[in-house]
Amino acid sequence: MKFPPFAYERPTRLDEACEMLAVEGARALAGGQSLLPLMALRLARPATLVDLARVSELTGLGVDDGGNRRLDMGAMTTHAQIEADSSIRARFPVLAKIVSHIAHPAIRHRGTVGGSIAHADPAAEIPAACIALDAEVLISSVKGTRSEPVESLVAGPYQTTLRDGEIVTRVIFPLRAERRAGMDEVALRAGDFALAGAVCVLDRAGRDDQRGTVTFFGVEPRPRRAEIDLERVRTSADDRTYWVELASRLDEVIEDVHGDPSFRRHLAAVTARRAFASASTQQVGDFV
Amino acid sequence: MRIALDLNGAQVEADVEPSVSLADLLRTKLGALSVHLGCEQGVCGACAVLVDGRTVRSCLMLAVQGDGRSVTTAEGVPRRRRGEWAAIESAFVELNAFQCGFCTSGMVVALEELLSREAVTRSEVAAQLSGQICRCTGYAPIVEAFERALASSGRLCDGDET
Ligand SMILES: Cc1cc2nc3c(=O)[nH]c(=O)nc-3n(C[C@H](O)[C@H](O)[C@H](O)COP(=O)(O)OP(=O)(O)OC[C@H]3O[C@@H](n4cnc5c(N)ncnc54)[C@H](O)[C@@H]3O)c2cc1C
Ligand code: FES
Ligand code: FES
């Protein structure tokens with residue numbers, strides 16, 4: 001399986017990249033870990049690939065503790081960089097953990113956060129983590145810049161609201177005091193796409209958690225964030241029934257060779273319960 | 001497009017079409033026949049090479065993306081390991097860590113990445129091997145060979161990665 005022919009551009013500045021992507025048939029190339037297999041299989045046939053690797057505006061990663069209180073990463077940040085970054089491991093451990101579930105080390109060395117979001121695989125970890133943690137993306141094109149929460153950007157399976165020629169430039173995660181998070185997923189083998197996964201986020205105010213959400217991935221055509229009834233989880237004798245009930249409300253569950261909807265719903269309940277347990281045991285502080 | 005890269009310590013140049021993968025450039029123009037192509041879609045790991053010291057799937061990288069980078073294939077590993085190579089080779093042979101050998105060059109490259117670290121845990125060995133498929137031998141002997149190679153150079157350590 002060889003790639004079909006295409007023209008190749010290698011811009012070094014964002015404005016150049018925007019101009020190149022404004023041309024009919026042009027497509028962004030980030031890590032290539034999703035796009036190149038699609039091209040090998042002839043499921044994608046771009047006329048021009050615009051390689052974003054040398055565009056400096058798309059790199060860099062830092063936690064801002066000052067006025068902005070956020071984690072800001074360039075779209076070309078790789079899964080491996082997220083996994084290894086000490087500020088992410090300290091302040092957003094759930095992010096470091098969730099990317100370690102993406103494929104294998106060799107793929108994590110090249111795959112990027114921007115590419116993952118733009119590709120919008122229903123079972124992908126990063127879009128789900130972004131939705132769970134209220135991340136937004138900054139977007140540029142020849143028409144200007146805009147921002148959009150990942151929650152609305154991801155529109156369906158492999159579908160986003162990105163318009164032709166638009167580049168995701170940065171991904172911004174707010175740093176919330178007293179937020180904790182955990183995740184869990186089930187895959188057939190280490191590195192495979194998840195059959196089902198969940199990211200749980202708990203926001204505390206005062207002594208108790210005031211709000212909890214669980215974001216499912218791999219279960220429906222797009223990640224779905226659901227509110228947790230914290231009072232019920234706290235007071236029920238066996239919280240399993242609560243998670244089963246929550247998962248039973250997922251109404252577009254994927255059916256494929258790996259499992260029918262009832263099996264996936266079961267896995268959704270199991271992973272949500274474990275993600276909640278993992279979030280609950282985290283210390284409260286500037287951790288998510 | 002004219003590109004230049006460092007291949008196993010030698011500076012090489014090549015003219016390539018953008019649609020040529022790094023794997024095909026290495027195999028067809030640069031003589032690195034250790035690079036095997038199993039699936040050509042990122043799943044099997046037979047085509048593993050190091051780019052700037054990190055493992056990548058050379059079937060999922062364009063040759064033009066390798067411009068200016070340093071590439072190591074299995075051919076280059078013995079030279080990088082120098083005195084340690086004999087012990088690594090005999091670990092693979094003695095433990096039957098290969099049969100047909102199709103996956104072996106990818107395994108050697110995956111091992112080289114671990115050998116370039118100071119300390120490696122058993123769970124890191126397992127994580128590294130999760131991306132390398134072998135259809136013959138079974139993984140236990142390969143894990144053993146990795147661990148022996150790492151232990152003989154004092155790199156295998158206990159403890160959990162987090
Ligand atoms: C064997 C294998 C297993 C995998 N397993 C998993 C897994 O378990 N979980 C998982 O989440 N992923 C998995 N992946 C996919 C991997 O994570 C990809 O790296 C990721 O989905 C896409 O990132 P990329 O940088 O490689 O993007 P590319 O492949 O370069 O691009 C993907 C798409 O996004 C567009 N794009 C890229 N960057 C931008 C940008 N900045 N702005 C606008 N559009 C952009 C491209 O035009 C293309 O349409 C796997 C891949 C392989 C080959
Ligand atoms: S040939 Fe590259 S991963 Fe299989
Ligand atoms: S030895 Fe034959 S594929 Fe591994």
# chains A, B, ... in the order shown; residues from 1 in each chain; ligands from 1
call {"tool": "interface_residues", "arguments": {"of": "chain A", "to": "chain B", "cutoff": "8 Å", "atoms": "only C-alpha atoms", "output": "MDAnalysis selection string"}}
result
chainID A and resid 1:8 32:33 36:37 40 103:107 109:110 190:191
call {"tool": "select_by_dssp", "arguments": {"residues": "chain B", "states": "helix (DSSP H, G or I)", "output": "PyMOL selection string"}}
result
chain B and resi 22-29+58-60+63-66+74-94+104-115+122-129+139-152
call {"tool": "closest_atom_pairs", "arguments": {"of": "chain B", "to": "ligand 3", "cutoff": "10 Å", "atoms": "only C-alpha atoms and all ligand atoms", "output": "JSON lines"}}
result
{"residue": "B:Gly38", "atom": "CA", "partner": "ligand 3", "partner_atom_place_in_ligand_line": "3 (S)", "distance": 9.4}
{"residue": "B:Cys44", "atom": "CA", "partner": "ligand 3", "partner_atom_place_in_ligand_line": "3 (S)", "distance": 9.8}
{"residue": "B:Ala46", "atom": "CA", "partner": "ligand 3", "partner_atom_place_in_ligand_line": "3 (S)", "distance": 8.5}
{"residue": "B:Asn96", "atom": "CA", "partner": "ligand 3", "partner_atom_place_in_ligand_line": "1 (S)", "distance": 9.0}
{"residue": "B:Ala97", "atom": "CA", "partner": "ligand 3", "partner_atom_place_in_ligand_line": "1 (S)", "distance": 7.2}
{"residue": "B:Phe98", "atom": "CA", "partner": "ligand 3", "partner_atom_place_in_ligand_line": "1 (S)", "distance": 4.0}
{"residue": "B:Gln99", "atom": "CA", "partner": "ligand 3", "partner_atom_place_in_ligand_line": "1 (S)", "distance": 4.1}
{"residue": "B:Cys100", "atom": "CA", "partner": "ligand 3", "partner_atom_place_in_ligand_line": "2 (Fe)", "distance": 3.9}
{"residue": "B:Gly101", "atom": "CA", "partner": "ligand 3", "partner_atom_place_in_ligand_line": "1 (S)", "distance": 4.1}
{"residue": "B:Phe102", "atom": "CA", "partner": "ligand 3", "partner_atom_place_in_ligand_line": "3 (S)", "distance": 4.8}
{"residue": "B:Cys103", "atom": "CA", "partner": "ligand 3", "partner_atom_place_in_ligand_line": "4 (Fe)", "distance": 4.3}
{"residue": "B:Thr104", "atom": "CA", "partner": "ligand 3", "partner_atom_place_in_ligand_line": "4 (Fe)", "distance": 6.0}
{"residue": "B:Ser105", "atom": "CA", "partner": "ligand 3", "partner_atom_place_in_ligand_line": "4 (Fe)", "distance": 9.4}
{"residue": "B:Gly106", "atom": "CA", "partner": "ligand 3", "partner_atom_place_in_ligand_line": "4 (Fe)", "distance": 9.4}
{"residue": "B:Met107", "atom": "CA", "partner": "ligand 3", "partner_atom_place_in_ligand_line": "4 (Fe)", "distance": 8.6}
{"residue": "B:Gln132", "atom": "CA", "partner": "ligand 3", "partner_atom_place_in_ligand_line": "4 (Fe)", "distance": 8.9}
{"residue": "B:Ile133", "atom": "CA", "partner": "ligand 3", "partner_atom_place_in_ligand_line": "4 (Fe)", "distance": 7.0}
{"residue": "B:Cys134", "atom": "CA", "partner": "ligand 3", "partner_atom_place_in_ligand_line": "4 (Fe)", "distance": 3.6}
{"residue": "B:Arg135", "atom": "CA", "partner": "ligand 3", "partner_atom_place_in_ligand_line": "3 (S)", "distance": 4.2}
{"residue": "B:Cys136", "atom": "CA", "partner": "ligand 3", "partner_atom_place_in_ligand_line": "2 (Fe)", "distance": 4.3}
{"residue": "B:Thr137", "atom": "CA", "partner": "ligand 3", "partner_atom_place_in_ligand_line": "1 (S)", "distance": 5.3}
{"residue": "B:Gly138", "atom": "CA", "partner": "ligand 3", "partner_atom_place_in_ligand_line": "4 (Fe)", "distance": 7.7}
{"residue": "B:Tyr139", "atom": "CA", "partner": "ligand 3", "partner_atom_place_in_ligand_line": "4 (Fe)", "distance": 8.7}
{"residue": "B:Ile142", "atom": "CA", "partner": "ligand 3", "partner_atom_place_in_ligand_line": "4 (Fe)", "distance": 9.0}
call {"tool": "atom_distance", "arguments": {"atom1": "CA of Val214 in chain A", "atom2": "CA of Ile131 in chain A"}}
result
9.9 Å
call {"tool": "atom_distance", "arguments": {"atom1": "CA of Val270 in chain A", "atom2": "CA of Arg240 in chain A"}}
result
8.2 Å
call {"tool": "residues_around", "arguments": {"residues": "Ile254 in chain A", "least_positions_apart": "6", "cutoff": "8 Å", "atoms": "only C-alpha atoms", "output": "mmCIF file with all heavy atoms, in the first residue's frame"}}
result
data_model
loop_
_atom_site.group_PDB
_atom_site.id
_atom_site.type_symbol
_atom_site.label_atom_id
_atom_site.label_comp_id
_atom_site.auth_asym_id
_atom_site.auth_seq_id
_atom_site.Cartn_x
_atom_site.Cartn_y
_atom_site.Cartn_z
ATOM 1 N N GLY A 218 -15.421 6.213 22.801
ATOM 2 C CA GLY A 218 -15.437 4.866 22.236
ATOM 3 C C GLY A 218 -16.792 4.184 22.350
ATOM 4 O O GLY A 218 -16.954 3.049 21.906
ATOM 5 N N VAL A 219 -17.747 4.864 22.962
ATOM 6 C CA VAL A 219 -19.039 4.239 23.231
ATOM 7 C C VAL A 219 -20.081 4.672 22.204
ATOM 8 O O VAL A 219 -20.865 3.862 21.717
ATOM 9 C CB VAL A 219 -19.518 4.604 24.658
ATOM 10 C CG1 VAL A 219 -20.847 3.926 24.964
ATOM 11 C CG2 VAL A 219 -18.468 4.208 25.695
ATOM 12 N N GLU A 220 -20.072 5.961 21.888
ATOM 13 C CA GLU A 220 -21.031 6.523 20.931
ATOM 14 C C GLU A 220 -20.252 7.180 19.780
ATOM 15 O O GLU A 220 -19.027 7.274 19.833
ATOM 16 C CB GLU A 220 -21.913 7.555 21.652
ATOM 17 C CG GLU A 220 -22.835 6.898 22.695
ATOM 18 C CD GLU A 220 -23.809 7.908 23.293
ATOM 19 O OE1 GLU A 220 -23.361 8.914 23.868
ATOM 20 O OE2 GLU A 220 -25.021 7.691 23.161
ATOM 21 N N PRO A 221 -20.930 7.673 18.765
ATOM 22 C CA PRO A 221 -20.214 8.254 17.612
ATOM 23 C C PRO A 221 -19.356 9.468 17.961
ATOM 24 O O PRO A 221 -18.457 9.841 17.209
ATOM 25 C CB PRO A 221 -21.345 8.666 16.657
ATOM 26 C CG PRO A 221 -22.503 7.813 17.049
ATOM 27 C CD PRO A 221 -22.373 7.567 18.514
ATOM 28 N N ASP A 260 -21.726 -5.962 21.136
ATOM 29 C CA ASP A 260 -23.027 -5.357 20.884
ATOM 30 C C ASP A 260 -23.248 -4.214 21.881
ATOM 31 O O ASP A 260 -22.463 -4.029 22.812
ATOM 32 C CB ASP A 260 -24.137 -6.417 20.943
ATOM 33 C CG ASP A 260 -24.214 -7.069 22.322
ATOM 34 O OD1 ASP A 260 -23.603 -6.547 23.276
ATOM 35 O OD2 ASP A 260 -24.884 -8.105 22.429
ATOM 36 N N PRO A 261 -24.301 -3.426 21.668
ATOM 37 C CA PRO A 261 -24.497 -2.255 22.530
ATOM 38 C C PRO A 261 -24.580 -2.587 24.022
ATOM 39 O O PRO A 261 -24.074 -1.824 24.847
ATOM 40 C CB PRO A 261 -25.811 -1.658 22.018
ATOM 41 C CG PRO A 261 -25.841 -2.044 20.581
ATOM 42 C CD PRO A 261 -25.229 -3.415 20.524
ATOM 43 N N ARG A 264 -21.051 -2.852 25.351
ATOM 44 C CA ARG A 264 -20.381 -1.550 25.440
ATOM 45 C C ARG A 264 -20.952 -0.705 26.577
ATOM 46 O O ARG A 264 -20.225 -0.008 27.266
ATOM 47 C CB ARG A 264 -20.534 -0.786 24.117
ATOM 48 C CG ARG A 264 -19.433 -1.074 23.151
ATOM 49 C CD ARG A 264 -19.040 0.195 22.404
ATOM 50 N NE ARG A 264 -17.764 -0.014 21.718
ATOM 51 C CZ ARG A 264 -17.592 -0.807 20.676
ATOM 52 N NH1 ARG A 264 -18.593 -1.500 20.206
ATOM 53 N NH2 ARG A 264 -16.413 -0.917 20.119
#
call {"tool": "residues_around", "arguments": {"residues": "Cys130 in chain A", "least_positions_apart": "2", "cutoff": "9 Å", "atoms": "only C-alpha atoms", "output": "list in words"}}
result
Ile117, Glu125, Ile126, Pro127, Ala128, Ala132, Leu133, Asp134, Ala135, Glu136, Pro149, Val150, Glu151, Val171, Ile172 and Phe173 of chain A
call {"tool": "write_last_selection", "arguments": {"atoms": "N, CA, C and O atoms", "output": "PDB file, in the first residue's frame"}}
result
ATOM      1  N   ILE A 117      -7.456  15.964  17.644  1.00  0.00           N
ATOM      2  CA  ILE A 117      -8.718  16.706  17.753  1.00  0.00           C
ATOM      3  C   ILE A 117      -9.349  16.856  16.368  1.00  0.00           C
ATOM      4  O   ILE A 117     -10.541  16.604  16.180  1.00  0.00           O
ATOM      5  N   GLU A 125      -8.651   9.291  22.711  1.00  0.00           N
ATOM      6  CA  GLU A 125      -8.558   9.757  24.095  1.00  0.00           C
ATOM      7  C   GLU A 125      -8.525  11.281  24.192  1.00  0.00           C
ATOM      8  O   GLU A 125      -9.137  11.869  25.099  1.00  0.00           O
ATOM      9  N   ILE A 126      -7.764  11.932  23.317  1.00  0.00           N
ATOM     10  CA  ILE A 126      -7.523  13.371  23.507  1.00  0.00           C
ATOM     11  C   ILE A 126      -8.784  14.222  23.349  1.00  0.00           C
ATOM     12  O   ILE A 126      -9.043  15.093  24.193  1.00  0.00           O
ATOM     13  N   PRO A 127      -9.597  14.001  22.322  1.00  0.00           N
ATOM     14  CA  PRO A 127     -10.822  14.822  22.247  1.00  0.00           C
ATOM     15  C   PRO A 127     -11.677  14.657  23.499  1.00  0.00           C
ATOM     16  O   PRO A 127     -12.221  15.651  24.022  1.00  0.00           O
ATOM     17  N   ALA A 128     -11.774  13.428  24.029  1.00  0.00           N
ATOM     18  CA  ALA A 128     -12.579  13.206  25.234  1.00  0.00           C
ATOM     19  C   ALA A 128     -11.990  13.946  26.428  1.00  0.00           C
ATOM     20  O   ALA A 128     -12.719  14.583  27.207  1.00  0.00           O
ATOM     21  N   ALA A 132     -13.833  16.822  28.609  1.00  0.00           N
ATOM     22  CA  ALA A 132     -13.979  16.658  30.056  1.00  0.00           C
ATOM     23  C   ALA A 132     -13.380  17.830  30.820  1.00  0.00           C
ATOM     24  O   ALA A 132     -13.925  18.274  31.827  1.00  0.00           O
ATOM     25  N   LEU A 133     -12.246  18.342  30.321  1.00  0.00           N
ATOM     26  CA  LEU A 133     -11.499  19.374  31.053  1.00  0.00           C
ATOM     27  C   LEU A 133     -11.786  20.780  30.521  1.00  0.00           C
ATOM     28  O   LEU A 133     -11.049  21.716  30.806  1.00  0.00           O
ATOM     29  N   ASP A 134     -12.858  20.943  29.753  1.00  0.00           N
ATOM     30  CA  ASP A 134     -13.287  22.258  29.251  1.00  0.00           C
ATOM     31  C   ASP A 134     -12.224  22.945  28.396  1.00  0.00           C
ATOM     32  O   ASP A 134     -12.057  24.173  28.462  1.00  0.00           O
ATOM     33  N   ALA A 135     -11.496  22.177  27.604  1.00  0.00           N
ATOM     34  CA  ALA A 135     -10.459  22.789  26.765  1.00  0.00           C
ATOM     35  C   ALA A 135     -11.091  23.477  25.565  1.00  0.00           C
ATOM     36  O   ALA A 135     -12.178  23.101  25.107  1.00  0.00           O
ATOM     37  N   GLU A 136     -10.397  24.500  25.078  1.00  0.00           N
ATOM     38  CA  GLU A 136     -10.815  25.114  23.817  1.00  0.00           C
ATOM     39  C   GLU A 136      -9.621  25.178  22.885  1.00  0.00           C
ATOM     40  O   GLU A 136      -8.477  25.068  23.320  1.00  0.00           O
ATOM     41  N   PRO A 149     -14.752  25.872  21.909  1.00  0.00           N
ATOM     42  CA  PRO A 149     -14.587  24.760  22.853  1.00  0.00           C
ATOM     43  C   PRO A 149     -14.553  23.442  22.074  1.00  0.00           C
ATOM     44  O   PRO A 149     -15.283  23.289  21.085  1.00  0.00           O
ATOM     45  N   VAL A 150     -13.724  22.494  22.531  1.00  0.00           N
ATOM     46  CA  VAL A 150     -13.636  21.204  21.837  1.00  0.00           C
ATOM     47  C   VAL A 150     -14.990  20.492  21.881  1.00  0.00           C
ATOM     48  O   VAL A 150     -15.366  19.775  20.962  1.00  0.00           O
ATOM     49  N   GLU A 151     -15.743  20.747  22.952  1.00  0.00           N
ATOM     50  CA  GLU A 151     -17.075  20.141  23.090  1.00  0.00           C
ATOM     51  C   GLU A 151     -17.958  20.394  21.864  1.00  0.00           C
ATOM     52  O   GLU A 151     -18.653  19.498  21.394  1.00  0.00           O
ATOM     53  N   VAL A 171      -4.125  24.536  21.905  1.00  0.00           N
ATOM     54  CA  VAL A 171      -5.159  23.925  22.733  1.00  0.00           C
ATOM     55  C   VAL A 171      -4.967  24.470  24.145  1.00  0.00           C
ATOM     56  O   VAL A 171      -3.854  24.432  24.688  1.00  0.00           O
ATOM     57  N   ILE A 172      -6.057  25.005  24.713  1.00  0.00           N
ATOM     58  CA  ILE A 172      -5.969  25.687  26.013  1.00  0.00           C
ATOM     59  C   ILE A 172      -6.832  24.957  27.038  1.00  0.00           C
ATOM     60  O   ILE A 172      -8.038  24.782  26.823  1.00  0.00           O
ATOM     61  N   PHE A 173      -6.214  24.550  28.139  1.00  0.00           N
ATOM     62  CA  PHE A 173      -6.949  23.906  29.236  1.00  0.00           C
ATOM     63  C   PHE A 173      -6.977  24.869  30.417  1.00  0.00           C
ATOM     64  O   PHE A 173      -5.923  25.289  30.881  1.00  0.00           O
TER      65      PHE A 173
END
call {"tool": "closest_residue", "arguments": {"among": "B:Ile3, B:Ala149, B:Val71, B:Val35", "to": "Ala91 in chain B", "atoms": "only C-alpha atoms"}}
result
B:Ala149
call {"tool": "residues_around", "arguments": {"residues": "His266 in chain A", "least_positions_apart": "4", "cutoff": "12 Å", "atoms": "only C-alpha atoms", "output": "PDB file with C-alpha atoms, in the first residue's frame"}}
result
ATOM      1  CA  VAL A 186     -10.860  -1.025  28.283  1.00  0.00           C
ATOM      2  CA  LEU A 195     -13.786  -0.370  23.345  1.00  0.00           C
ATOM      3  CA  ALA A 196     -15.020   2.045  25.969  1.00  0.00           C
ATOM      4  CA  GLY A 197     -13.441   4.669  28.174  1.00  0.00           C
ATOM      5  CA  VAL A 219     -19.039   4.239  23.231  1.00  0.00           C
ATOM      6  CA  ARG A 240     -22.818   0.040  40.768  1.00  0.00           C
ATOM      7  CA  THR A 241     -26.522   0.367  40.049  1.00  0.00           C
ATOM      8  CA  TRP A 243     -23.327   3.740  36.977  1.00  0.00           C
ATOM      9  CA  VAL A 244     -25.327   1.072  35.133  1.00  0.00           C
ATOM     10  CA  GLU A 245     -28.306   3.402  35.108  1.00  0.00           C
ATOM     11  CA  LEU A 246     -26.168   6.309  33.858  1.00  0.00           C
ATOM     12  CA  ALA A 247     -24.749   4.146  31.050  1.00  0.00           C
ATOM     13  CA  SER A 248     -28.247   2.944  30.123  1.00  0.00           C
ATOM     14  CA  ARG A 249     -29.058   6.518  29.140  1.00  0.00           C
ATOM     15  CA  LEU A 250     -26.443   6.407  26.348  1.00  0.00           C
ATOM     16  CA  VAL A 253     -24.083   3.057  21.415  1.00  0.00           C
ATOM     17  CA  GLY A 259     -19.337  -6.088  20.964  1.00  0.00           C
ATOM     18  CA  ASP A 260     -23.027  -5.357  20.884  1.00  0.00           C
ATOM     19  CA  PRO A 261     -24.497  -2.255  22.530  1.00  0.00           C
ATOM     20  CA  SER A 262     -25.283  -4.006  25.809  1.00  0.00           C
ATOM     21  CA  VAL A 270     -17.405  -0.111  34.569  1.00  0.00           C
ATOM     22  CA  THR A 271     -14.983   2.497  33.226  1.00  0.00           C
ATOM     23  CA  ALA A 272     -17.083   5.385  34.583  1.00  0.00           C
ATOM     24  CA  ARG A 273     -17.097   3.825  38.048  1.00  0.00           C
TER      25      ARG A 273
END
call {"tool": "atom_distance", "arguments": {"atom1": "CA of Arg81 in chain B", "atom2": "CA of Gln81 in chain A"}}
result
26.2 Å
call {"tool": "residues_around", "arguments": {"residues": "Ala75 in chain A", "least_positions_apart": "3", "cutoff": "7 Å", "atoms": "only C-alpha atoms", "output": "VMD selection string"}}
result
chain A and resid 58 to 59 112 to 114 168 to 171
call {"tool": "select_by_dssp", "arguments": {"residues": "range 44-199 of chain A", "states": "strand (DSSP E or B)", "output": "VMD selection string"}}
result
chain A and resid 48 to 51 61 to 64 70 to 74 78 112 136 to 141 144 to 149 154 to 156 159 to 160 167 to 174 179 to 186 196 to 199
call {"tool": "write_last_selection", "arguments": {"atoms": "N, CA and C atoms", "output": "compact mmCIF listing (two decimals), in the first residue's frame"}}
result
# COMPACT_ATOMS: atom_id res chain seq x y z
N THR A 48 -2.57 18.32 -2.17
CA THR A 48 -1.36 18.88 -1.58
C THR A 48 -1.36 18.61 -0.08
N LEU A 49 -0.21 18.20 0.44
CA LEU A 49 -0.07 18.11 1.89
C LEU A 49 0.76 19.29 2.37
N VAL A 50 0.24 19.99 3.37
CA VAL A 50 0.96 21.11 3.96
C VAL A 50 1.50 20.63 5.31
N ASP A 51 2.81 20.37 5.34
CA ASP A 51 3.45 19.80 6.53
C ASP A 51 3.64 20.90 7.58
N LEU A 61 4.76 24.60 25.01
CA LEU A 61 3.82 24.05 25.96
C LEU A 61 4.17 24.64 27.32
N GLY A 62 3.17 25.16 28.02
CA GLY A 62 3.49 25.71 29.34
C GLY A 62 2.25 25.89 30.20
N VAL A 63 2.46 25.77 31.53
CA VAL A 63 1.39 26.05 32.48
C VAL A 63 1.58 27.49 32.96
N ASP A 64 0.52 28.28 32.86
CA ASP A 64 0.56 29.67 33.32
C ASP A 64 -0.19 29.75 34.65
N ARG A 70 -3.80 28.70 33.12
CA ARG A 70 -4.17 27.72 32.11
C ARG A 70 -2.96 26.95 31.62
N LEU A 71 -3.25 25.86 30.97
CA LEU A 71 -2.22 25.09 30.27
C LEU A 71 -2.43 25.36 28.79
N ASP A 72 -1.35 25.78 28.14
CA ASP A 72 -1.44 26.19 26.75
C ASP A 72 -0.46 25.34 25.96
N MET A 73 -0.95 24.57 25.01
CA MET A 73 0.00 23.78 24.21
C MET A 73 -0.23 23.98 22.72
N GLY A 74 0.87 24.01 21.98
CA GLY A 74 0.79 24.13 20.53
C GLY A 74 0.15 22.88 19.94
N THR A 78 3.35 16.58 20.68
CA THR A 78 3.09 15.15 20.45
C THR A 78 2.54 14.49 21.72
N THR A 112 0.00 13.97 17.15
CA THR A 112 -0.09 15.26 17.82
C THR A 112 -1.49 15.50 18.41
N GLU A 136 -10.40 24.50 25.08
CA GLU A 136 -10.82 25.11 23.82
C GLU A 136 -9.62 25.18 22.88
N VAL A 137 -9.90 25.33 21.58
CA VAL A 137 -8.81 25.43 20.62
C VAL A 137 -8.82 26.82 19.99
N LEU A 138 -7.62 27.28 19.65
CA LEU A 138 -7.49 28.49 18.85
C LEU A 138 -7.29 28.04 17.41
N ILE A 139 -7.90 28.77 16.50
CA ILE A 139 -7.96 28.36 15.10
C ILE A 139 -7.55 29.53 14.23
N SER A 140 -6.74 29.26 13.21
CA SER A 140 -6.35 30.32 12.26
C SER A 140 -6.63 29.89 10.82
N SER A 141 -6.91 30.89 10.00
CA SER A 141 -7.02 30.67 8.56
C SER A 141 -6.75 32.01 7.89
N GLY A 144 -8.74 34.85 9.30
CA GLY A 144 -8.54 35.40 10.64
C GLY A 144 -8.45 34.30 11.67
N THR A 145 -8.68 34.68 12.94
CA THR A 145 -8.57 33.68 14.01
C THR A 145 -9.89 33.59 14.75
N ARG A 146 -10.12 32.45 15.36
CA ARG A 146 -11.28 32.27 16.20
C ARG A 146 -10.95 31.22 17.25
N SER A 147 -11.84 31.04 18.22
CA SER A 147 -11.63 29.97 19.19
C SER A 147 -12.94 29.21 19.33
N GLU A 148 -12.84 27.97 19.75
CA GLU A 148 -14.05 27.18 19.96
C GLU A 148 -13.79 26.10 21.00
N PRO A 149 -14.75 25.87 21.91
CA PRO A 149 -14.59 24.76 22.85
C PRO A 149 -14.55 23.44 22.07
N VAL A 154 -16.06 19.09 18.07
CA VAL A 154 -16.21 17.69 17.64
C VAL A 154 -17.69 17.44 17.38
N ALA A 155 -18.04 17.29 16.09
CA ALA A 155 -19.45 17.27 15.72
C ALA A 155 -19.97 15.85 15.55
N GLY A 156 -19.12 14.90 15.25
CA GLY A 156 -19.57 13.54 15.02
C GLY A 156 -18.37 12.67 14.74
N GLN A 159 -15.79 14.00 12.31
CA GLN A 159 -16.36 15.27 11.83
C GLN A 159 -16.15 16.37 12.87
N THR A 160 -15.71 17.53 12.37
CA THR A 160 -15.57 18.68 13.25
C THR A 160 -16.19 19.89 12.57
N ILE A 167 -6.71 25.97 10.52
CA ILE A 167 -5.68 25.22 11.25
C ILE A 167 -5.94 25.39 12.75
N VAL A 168 -5.94 24.28 13.47
CA VAL A 168 -5.91 24.37 14.94
C VAL A 168 -4.50 24.80 15.31
N THR A 169 -4.37 25.89 16.04
CA THR A 169 -3.03 26.37 16.38
C THR A 169 -2.63 26.03 17.81
N ARG A 170 -3.58 26.20 18.75
CA ARG A 170 -3.23 25.91 20.15
C ARG A 170 -4.42 25.28 20.85
N VAL A 171 -4.13 24.54 21.90
CA VAL A 171 -5.16 23.93 22.73
C VAL A 171 -4.97 24.47 24.14
N ILE A 172 -6.06 25.00 24.71
CA ILE A 172 -5.97 25.69 26.01
C ILE A 172 -6.83 24.96 27.04
N PHE A 173 -6.21 24.55 28.14
CA PHE A 173 -6.95 23.91 29.24
C PHE A 173 -6.98 24.87 30.42
N PRO A 174 -8.18 25.21 30.93
CA PRO A 174 -8.21 26.07 32.11
C PRO A 174 -7.68 25.31 33.32
N ARG A 179 -9.98 21.12 41.38
CA ARG A 179 -10.53 20.18 40.40
C ARG A 179 -9.69 18.90 40.44
N ARG A 180 -10.39 17.78 40.40
CA ARG A 180 -9.70 16.49 40.35
C ARG A 180 -10.25 15.69 39.18
N ALA A 181 -9.43 14.80 38.65
CA ALA A 181 -9.90 14.01 37.51
C ALA A 181 -9.28 12.63 37.50
N GLY A 182 -9.96 11.70 36.88
CA GLY A 182 -9.43 10.34 36.72
C GLY A 182 -9.95 9.77 35.41
N MET A 183 -9.31 8.71 34.95
CA MET A 183 -9.78 8.10 33.70
C MET A 183 -9.59 6.59 33.77
N ASP A 184 -10.30 5.91 32.90
CA ASP A 184 -10.12 4.47 32.77
C ASP A 184 -10.58 4.07 31.37
N GLU A 185 -9.99 3.03 30.82
CA GLU A 185 -10.50 2.52 29.54
C GLU A 185 -10.26 1.03 29.44
N VAL A 186 -11.03 0.40 28.56
CA VAL A 186 -10.86 -1.03 28.28
C VAL A 186 -10.57 -1.17 26.79
N ALA A 196 -14.27 1.05 25.20
CA ALA A 196 -15.02 2.05 25.97
C ALA A 196 -14.05 2.70 26.94
N GLY A 197 -14.29 3.97 27.21
CA GLY A 197 -13.44 4.67 28.17
C GLY A 197 -14.21 5.81 28.79
N ALA A 198 -13.70 6.30 29.92
CA ALA A 198 -14.37 7.39 30.62
C ALA A 198 -13.35 8.29 31.30
N VAL A 199 -13.66 9.59 31.29
CA VAL A 199 -12.86 10.57 32.02
C VAL A 199 -13.81 11.22 33.03
call {"tool": "residues_around", "arguments": {"residues": "Ser152 in chain B", "least_positions_apart": "3", "cutoff": "9 Å", "atoms": "only C-alpha atoms", "output": "PyMOL selection string"}}
result
chain B and resi 84+87-88+147-149+155-156
call {"tool": "closest_residue", "arguments": {"among": "A:Gly66, A:Gly115, A:Gly25, A:Pro46", "to": "ligand 1", "atoms": "only C-alpha atoms and all ligand atoms"}}
result
A:Gly115
call {"tool": "decode", "arguments": {"residues": "range 22-30 of chain B", "atoms": "C-alpha atoms", "output": "tab-separated table (two decimals), in the first residue's frame"}}
result
chain	number	residue	atom	x	y	z
B	22	LEU	CA	10.72	6.83	4.60
B	23	ALA	CA	10.62	3.01	4.65
B	24	ASP	CA	10.66	2.79	0.84
B	25	LEU	CA	13.44	5.35	0.55
B	26	LEU	CA	15.54	3.39	3.04
B	27	ARG	CA	14.90	0.05	1.34
B	28	THR	CA	14.99	0.93	-2.32
B	29	LYS	CA	17.50	3.78	-2.57
B	30	LEU	CA	19.64	3.62	0.55
